[in-house]
$ cat structure.cif   # mmCIF, C-alpha atoms
data_data
loop_
_atom_site.group_PDB
_atom_site.id
_atom_site.type_symbol
_atom_site.label_atom_id
_atom_site.label_comp_id
_atom_site.auth_asym_id
_atom_site.auth_seq_id
_atom_site.Cartn_x
_atom_site.Cartn_y
_atom_site.Cartn_z
ATOM 1 C CA MET A 20 31.723 47.228 62.872
ATOM 2 C CA GLN A 21 34.613 47.687 60.508
ATOM 3 C CA LEU A 22 38.099 46.273 60.290
ATOM 4 C CA ASP A 23 40.914 47.404 58.044
ATOM 5 C CA THR A 24 42.675 44.328 56.732
ATOM 6 C CA ILE A 25 45.827 43.986 54.715
ATOM 7 C CA ALA A 26 44.549 41.206 52.522
ATOM 8 C CA LEU A 27 41.036 42.392 51.725
ATOM 9 C CA GLY A 28 40.771 46.086 52.524
ATOM 10 C CA THR A 29 38.015 47.316 54.847
ATOM 11 C CA VAL A 30 35.652 44.608 56.015
ATOM 12 C CA THR A 31 32.316 45.144 57.734
ATOM 13 C CA TYR A 32 31.192 42.593 60.289
ATOM 14 C CA GLU A 33 28.734 41.958 63.107
ATOM 15 C CA GLU A 34 29.610 40.684 66.568
ATOM 16 C CA GLN A 35 27.764 37.443 65.786
ATOM 17 C CA ASP A 36 30.205 36.786 62.922
ATOM 18 C CA VAL A 37 33.151 36.590 65.307
ATOM 19 C CA ILE A 38 34.763 33.177 65.797
ATOM 20 C CA THR A 39 36.606 32.508 69.043
ATOM 21 C CA PHE A 40 39.647 30.264 69.368
ATOM 22 C CA PRO A 41 39.802 29.915 73.183
ATOM 23 C CA GLN A 42 43.357 28.532 72.968
ATOM 24 C CA GLY A 43 44.457 30.488 69.922
ATOM 25 C CA ILE A 44 46.084 28.747 66.974
ATOM 26 C CA PRO A 45 49.462 26.953 67.327
ATOM 27 C CA GLY A 46 52.093 29.636 66.710
ATOM 28 C CA PHE A 47 49.443 32.320 67.348
ATOM 29 C CA GLU A 48 48.344 31.410 70.863
ATOM 30 C CA GLY A 49 47.649 35.016 71.826
ATOM 31 C CA TYR A 50 45.081 35.595 69.072
ATOM 32 C CA HIS A 51 41.570 34.534 69.940
ATOM 33 C CA ARG A 52 39.050 36.475 67.875
ATOM 34 C CA PHE A 53 38.808 35.904 64.133
ATOM 35 C CA LEU A 54 36.505 36.482 61.206
ATOM 36 C CA ILE A 55 35.999 34.223 58.237
ATOM 37 C CA ILE A 56 35.701 36.297 55.101
ATOM 38 C CA ASN A 57 34.434 34.463 52.049
ATOM 39 C CA ILE A 58 36.598 35.215 49.041
ATOM 40 C CA ASP A 59 34.867 32.946 46.597
ATOM 41 C CA GLU A 60 31.783 30.836 47.300
ATOM 42 C CA GLU A 61 32.177 28.487 44.360
ATOM 43 C CA SER A 62 35.706 27.388 45.197
ATOM 44 C CA SER A 63 35.058 27.669 48.959
ATOM 45 C CA LEU A 64 38.013 29.965 49.418
ATOM 46 C CA GLY A 65 38.156 32.237 52.423
ATOM 47 C CA CYS A 66 40.342 34.306 54.674
ATOM 48 C CA LEU A 67 40.705 33.677 58.391
ATOM 49 C CA GLN A 68 41.345 37.182 59.635
ATOM 50 C CA SER A 69 42.452 38.062 63.164
ATOM 51 C CA LEU A 70 40.484 40.803 64.919
ATOM 52 C CA ASP A 71 43.283 41.225 67.463
ATOM 53 C CA ASP A 72 45.918 42.090 64.856
ATOM 54 C CA SER A 73 44.899 43.096 61.346
ATOM 55 C CA ARG A 74 48.206 41.808 59.959
ATOM 56 C CA VAL A 75 47.462 38.243 60.977
ATOM 57 C CA HIS A 76 45.468 36.303 58.432
ATOM 58 C CA PHE A 77 45.407 32.930 56.731
ATOM 59 C CA ILE A 78 44.040 31.827 53.386
ATOM 60 C CA ILE A 79 41.679 28.929 54.053
ATOM 61 C CA ILE A 80 39.693 26.523 51.953
ATOM 62 C CA ASN A 81 36.950 23.987 52.477
ATOM 63 C CA PRO A 82 39.121 20.849 52.153
ATOM 64 C CA PHE A 83 36.293 18.712 50.783
ATOM 65 C CA THR A 84 35.930 20.844 47.660
ATOM 66 C CA VAL A 85 39.540 19.952 46.773
ATOM 67 C CA TYR A 86 39.750 16.477 48.228
ATOM 68 C CA LEU A 87 36.435 14.687 48.660
ATOM 69 C CA ASN A 88 38.116 11.613 50.192
ATOM 70 C CA TYR A 89 39.372 13.576 53.183
ATOM 71 C CA GLU A 90 38.201 11.869 56.354
ATOM 72 C CA PHE A 91 38.977 12.085 60.036
ATOM 73 C CA LYS A 92 37.433 11.675 63.437
ATOM 74 C CA ILE A 93 37.155 14.543 65.907
ATOM 75 C CA GLU A 94 38.367 13.151 69.221
ATOM 76 C CA ALA A 95 35.951 13.140 72.154
ATOM 77 C CA ALA A 96 38.192 15.625 73.972
ATOM 78 C CA ASP A 97 37.993 18.119 71.099
ATOM 79 C CA GLN A 98 34.239 17.575 70.722
ATOM 80 C CA SER A 99 33.579 18.345 74.356
ATOM 81 C CA GLU A 100 36.001 21.288 74.341
ATOM 82 C CA LEU A 101 34.102 22.866 71.457
ATOM 83 C CA GLY A 102 30.684 21.757 72.715
ATOM 84 C CA ILE A 103 29.920 19.848 69.526
ATOM 85 C CA GLN A 104 26.672 17.883 69.760
ATOM 86 C CA SER A 105 26.259 16.694 66.192
ATOM 87 C CA GLU A 106 28.040 16.581 62.860
ATOM 88 C CA ALA A 107 25.682 19.270 61.573
ATOM 89 C CA ASP A 108 27.258 21.762 64.020
ATOM 90 C CA VAL A 109 30.669 21.424 62.406
ATOM 91 C CA GLU A 110 32.366 23.604 59.812
ATOM 92 C CA VAL A 111 35.782 22.512 58.508
ATOM 93 C CA TRP A 112 38.540 24.576 56.915
ATOM 94 C CA SER A 113 42.150 23.919 55.906
ATOM 95 C CA ILE A 114 44.930 26.476 55.969
ATOM 96 C CA VAL A 115 46.635 27.123 52.619
ATOM 97 C CA THR A 116 50.334 27.874 52.232
ATOM 98 C CA GLY A 117 51.848 29.107 49.028
ATOM 99 C CA ASN A 118 53.946 31.525 47.076
ATOM 100 C CA GLU A 119 53.647 33.134 43.676
ATOM 101 C CA HIS A 120 53.772 29.698 42.019
ATOM 102 C CA ILE A 121 50.181 28.498 42.322
ATOM 103 C CA GLN A 122 51.159 24.978 41.284
ATOM 104 C CA GLU A 123 53.118 24.689 44.541
ATOM 105 C CA ALA A 124 50.274 25.793 46.837
ATOM 106 C CA THR A 125 49.658 23.358 49.667
ATOM 107 C CA MET A 126 46.982 22.789 52.248
ATOM 108 C CA ASN A 127 47.196 21.481 55.774
ATOM 109 C CA LEU A 128 45.216 18.246 56.120
ATOM 110 C CA MET A 129 46.929 17.230 59.376
ATOM 111 C CA ALA A 130 45.449 20.096 61.351
ATOM 112 C CA PRO A 131 42.002 21.178 60.136
ATOM 113 C CA ILE A 132 40.214 24.144 61.663
ATOM 114 C CA ILE A 133 36.997 23.013 63.286
ATOM 115 C CA ILE A 134 34.248 25.504 64.067
ATOM 116 C CA ASN A 135 31.155 24.807 66.116
ATOM 117 C CA LYS A 136 28.569 26.828 64.200
ATOM 118 C CA GLN A 137 26.242 26.869 67.239
ATOM 119 C CA ASN A 138 28.537 28.703 69.652
ATOM 120 C CA ARG A 139 31.171 30.014 67.154
ATOM 121 C CA ASN A 140 34.003 28.372 69.094
ATOM 122 C CA ALA A 141 36.898 27.054 67.035
ATOM 123 C CA LYS A 142 40.097 25.087 67.296
ATOM 124 C CA GLN A 143 42.813 23.831 65.009
ATOM 125 C CA ILE A 144 42.753 20.138 65.884
ATOM 126 C CA ILE A 145 45.712 17.834 65.258
ATOM 127 C CA LEU A 146 45.130 14.478 63.546
ATOM 128 C CA HIS A 147 48.329 13.046 64.995
ATOM 129 C CA ASN A 148 47.493 9.412 64.324
ATOM 130 C CA SER A 149 46.666 9.962 60.675
ATOM 131 C CA ALA A 150 48.851 9.856 57.569
ATOM 132 C CA TYR A 151 47.920 13.467 56.764
ATOM 133 C CA ARG A 152 50.668 16.073 56.689
ATOM 134 C CA THR A 153 50.818 19.836 57.153
ATOM 135 C CA LYS A 154 51.535 20.259 53.434
ATOM 136 C CA HIS A 155 49.675 18.486 50.662
ATOM 137 C CA ALA A 156 50.025 19.983 47.195
ATOM 138 C CA ILE A 157 46.549 21.131 46.120
ATOM 139 C CA HIS A 158 47.490 20.248 42.556
ATOM 140 C CA ASP A 159 48.198 16.620 43.547
ATOM 141 C CA LEU A 160 45.019 16.303 45.612
ATOM 142 C CA MET A 161 42.900 17.537 42.715
ATOM 143 C CA ALA A 162 44.645 15.086 40.351
ATOM 144 C CA ALA A 163 44.121 12.223 42.851
ATOM 145 C CA VAL A 164 40.383 12.883 43.020
ATOM 146 C CA GLN A 165 40.156 12.894 39.223
ATOM 147 C CA ASP A 166 42.067 9.604 38.961
ATOM 148 C CA GLU A 167 39.865 7.930 41.531
ATOM 149 C CA GLY A 168 36.748 9.218 39.814
ATOM 150 C CA GLU A 169 37.627 7.676 36.464
ATOM 151 C CA MET B 23 62.692 21.432 85.379
ATOM 152 C CA LEU B 24 62.240 18.519 87.706
ATOM 153 C CA VAL B 25 64.656 15.670 87.018
ATOM 154 C CA LEU B 26 63.846 12.150 88.211
ATOM 155 C CA SER B 27 65.639 8.844 87.704
ATOM 156 C CA ARG B 28 63.435 5.832 87.029
ATOM 157 C CA LYS B 29 64.146 2.173 86.281
ATOM 158 C CA THR B 30 62.289 0.104 83.706
ATOM 159 C CA GLY B 31 58.831 -0.707 85.038
ATOM 160 C CA GLU B 32 58.806 2.260 87.404
ATOM 161 C CA SER B 33 56.563 5.240 86.824
ATOM 162 C CA ILE B 34 55.767 8.763 87.878
ATOM 163 C CA MET B 35 52.382 10.325 88.568
ATOM 164 C CA ILE B 36 51.491 13.743 87.173
ATOM 165 C CA GLY B 37 48.595 14.891 89.296
ATOM 166 C CA ASP B 38 46.116 12.189 90.343
ATOM 167 C CA GLN B 39 45.194 10.863 86.953
ATOM 168 C CA ILE B 40 48.231 10.744 84.699
ATOM 169 C CA GLU B 41 50.791 7.978 85.011
ATOM 170 C CA LEU B 42 53.967 7.850 82.946
ATOM 171 C CA VAL B 43 55.602 4.407 82.885
ATOM 172 C CA VAL B 44 59.094 3.589 81.623
ATOM 173 C CA LEU B 45 58.450 0.411 79.633
ATOM 174 C CA GLY B 46 62.035 -0.097 78.494
ATOM 175 C CA THR B 47 65.108 1.319 76.869
ATOM 176 C CA GLU B 48 67.000 0.342 73.747
ATOM 177 C CA GLY B 49 70.120 2.340 73.020
ATOM 178 C CA ASP B 50 69.043 5.999 73.031
ATOM 179 C CA VAL B 51 65.334 5.146 72.679
ATOM 180 C CA VAL B 52 63.106 5.213 75.733
ATOM 181 C CA LYS B 53 59.729 3.522 75.438
ATOM 182 C CA LEU B 54 57.117 5.290 77.558
ATOM 183 C CA GLY B 55 53.598 4.269 78.433
ATOM 184 C CA VAL B 56 51.041 6.915 79.344
ATOM 185 C CA VAL B 57 47.916 6.205 81.333
ATOM 186 C CA ALA B 58 45.660 9.249 81.235
ATOM 187 C CA PRO B 59 41.987 10.230 81.025
ATOM 188 C CA GLN B 60 40.568 10.252 77.499
ATOM 189 C CA GLN B 61 40.143 14.034 77.417
ATOM 190 C CA GLN B 62 43.900 14.459 77.916
ATOM 191 C CA ARG B 63 45.646 15.082 74.594
ATOM 192 C CA ILE B 64 49.071 13.531 74.250
ATOM 193 C CA LEU B 65 51.286 14.023 71.231
ATOM 194 C CA ARG B 66 54.874 13.999 70.149
ATOM 195 C CA LYS B 67 56.289 17.490 70.528
ATOM 196 C CA GLU B 68 57.764 17.575 67.020
ATOM 197 C CA ILE B 69 54.247 17.340 65.543
ATOM 198 C CA TYR B 70 53.206 20.448 67.444
ATOM 199 C CA VAL B 71 56.408 22.248 66.424
ATOM 200 C CA ALA B 72 55.850 21.330 62.752
ATOM 201 C CA LEU B 73 52.304 22.682 62.955
ATOM 202 C CA LYS B 74 53.482 25.953 64.487
ATOM 203 C CA GLU B 75 56.048 26.400 61.730
ATOM 204 C CA SER B 76 53.498 25.582 59.064
ATOM 205 C CA ASN B 77 51.040 28.127 60.496
ATOM 206 C CA GLU B 78 53.718 30.812 60.718
ATOM 207 C CA GLU B 79 54.637 30.207 57.090
ATOM 208 C CA ALA B 80 50.965 30.232 56.046
ATOM 209 C CA SER B 81 50.392 33.584 57.736
ATOM 210 C CA LYS B 82 53.137 35.075 55.574
ATOM 211 C CA THR B 83 51.820 33.439 52.450
ATOM 212 C CA ALA B 84 52.158 35.648 49.401
ATOM 213 C CA ILE B 85 49.640 33.735 47.386
ATOM 214 C CA ASN B 86 47.510 35.618 44.896
ATOM 215 C CA VAL B 87 43.950 34.629 45.770
ATOM 216 C CA ASP B 88 42.625 35.470 42.317
ATOM 217 C CA HIS B 89 45.147 33.097 40.750
ATOM 218 C CA LEU B 90 44.359 30.464 43.345
ATOM 219 C CA ARG B 91 40.642 30.767 42.628
ATOM 220 C CA ASP B 92 41.203 30.378 38.889
ATOM 221 C CA PHE B 93 43.475 27.417 39.534
ATOM 222 C CA LEU B 94 40.817 25.698 41.671
ATOM 223 C CA LYS B 95 38.165 26.200 39.015
ATOM 224 C CA LYS B 96 40.261 24.537 36.334
ATOM 225 C CA LYS B 97 39.594 21.033 37.633
#
$ encode --input "structure.cif" --output "structure tokens"
Amino acid sequence: MQLDTIALGTVTYEEQDVITFPQGIPGFEGYHRFLIINIDEESSLGCLQSLDDSRVHFIIINPFTVYLNYEFKIEAADQSELGIQSEADVEVWSIVTGNEHIQEATMNLMAPIIINKQNRNAKQIILHNSAYRTKHAIHDLMAAVQDEGE
Amino acid sequence: MLVLSRKTGESIMIGDQIELVVLGTEGDVVKLGVVAPQQQRILRKEIYVALKESNEEASKTAINVDHLRDFLKKK
């Protein structure tokens, strides 16, 4: 199947590639079917593209490639909702926000996107008891990892 | 909207399993206790609103992915 996207032109996909957000994404509750399009493997950069509306897309990143110290617990309620049996089932992404100034790009560590790779169900969970925020400067996170590594 | 008056120590039941207790008041702050099953998610509304706003902004993001990729590889 093919989808014309704004961000990445025409994309070909299979039904098994489709990710379902049964409850949508906060702010986009009516959108349930998405694709993850890899933009760059090395930097783990991707695009979360809606299949319901080609205009709706998010730039996403594997948060651990930017910030290795990222840690959180998926609540039992979210685990059972997504049918997660083990850690190996889980794929994690963070939504990126930014403008033309790359230095100011941020990522959302408070609400990671969790995908159960077994059944392709997904949800943006909220780490409401953590110190993580919706906007962490990617530049600062990368600098923090370097400092801690030295 | 249903409006109920409760005194400190009194509570309301939402369905069979959720109890909302008024623990006390201090000025314009009301301290609430929630007794609910573990699978029930409870959070402050402003967190959810902030997340919605952040997602809406992210969906309009005008970031150049090529520049972002180069930036990420610089580390």
$ resolve_selection --input "structure.cif" --expression "the PyMOL selection byres ((chain B) within 9 of (chain A))" --output "ChimeraX atom specification"
/B:60-63,65-66,69-87,89-95,97
$ residues_around --input "structure.cif" --residues "Glu33 in chain A" --least-positions-apart "6" --cutoff "12 Å" --atoms "only C-alpha atoms" --output "CSV table (one decimal) with C-alpha atoms, in the coordinates of the input"
chain,number,residue,atom,x,y,z
A,20,MET,CA,31.7,47.2,62.9
A,21,GLN,CA,34.6,47.7,60.5
A,22,LEU,CA,38.1,46.3,60.3
A,53,PHE,CA,38.8,35.9,64.1
A,54,LEU,CA,36.5,36.5,61.2
A,55,ILE,CA,36.0,34.2,58.2
A,70,LEU,CA,40.5,40.8,64.9
$ closest_residue --input "structure.cif" --among "A:Glu106, A:Asp166, A:Asp72, A:Glu60" --to "Ile133 in chain A" --atoms "only C-alpha atoms"
A:Glu106
$ atom_distance --input "structure.cif" --atom1 "CA of Gln39 in chain B" --atom2 "CA of Ala58 in chain B"
6.0 Å
$ resolve_selection --input "structure.cif" --expression "the PyMOL selection byres ((chain A and resi 101) around 12)" --output "ChimeraX atom specification"
/A:38-42,93-100,102-105,108-110,132-144
$ residues_near_point --input "structure.cif" --point "(57.3, 6.1, 85.4)" --cutoff "10 Å" --atoms "only C-alpha atoms" --output "list in words"
Leu26, Ser27, Arg28, Lys29, Thr30, Gly31, Glu32, Ser33, Ile34, Met35, Ile36, Glu41, Leu42, Val43, Val44, Leu45, Leu54, Gly55 and Val56 of chain B
$ atom_distance --input "structure.cif" --atom1 "CA of Glu34 in chain A" --atom2 "CA of Ala107 in chain A"
22.3 Å
$ closest_residue --input "structure.cif" --among "A:Asp71, A:Asp23, A:Gly43, A:Leu128" --to "Asn88 in chain A" --atoms "all atoms listed in the file"
A:Leu128
$ axis_aligned_box --input "structure.cif" --around "range 20-31 of chain A" --padding-each-side "4 Å" --output "JSON"
{"center_x": 38.8, "center_y": 44.4, "center_z": 57.3, "size_x": 22.1, "size_y": 14.5, "size_z": 19.1}
$ atom_distance --input "structure.cif" --atom1 "CA of Leu27 in chain A" --atom2 "CA of Pro131 in chain A"
22.8 Å
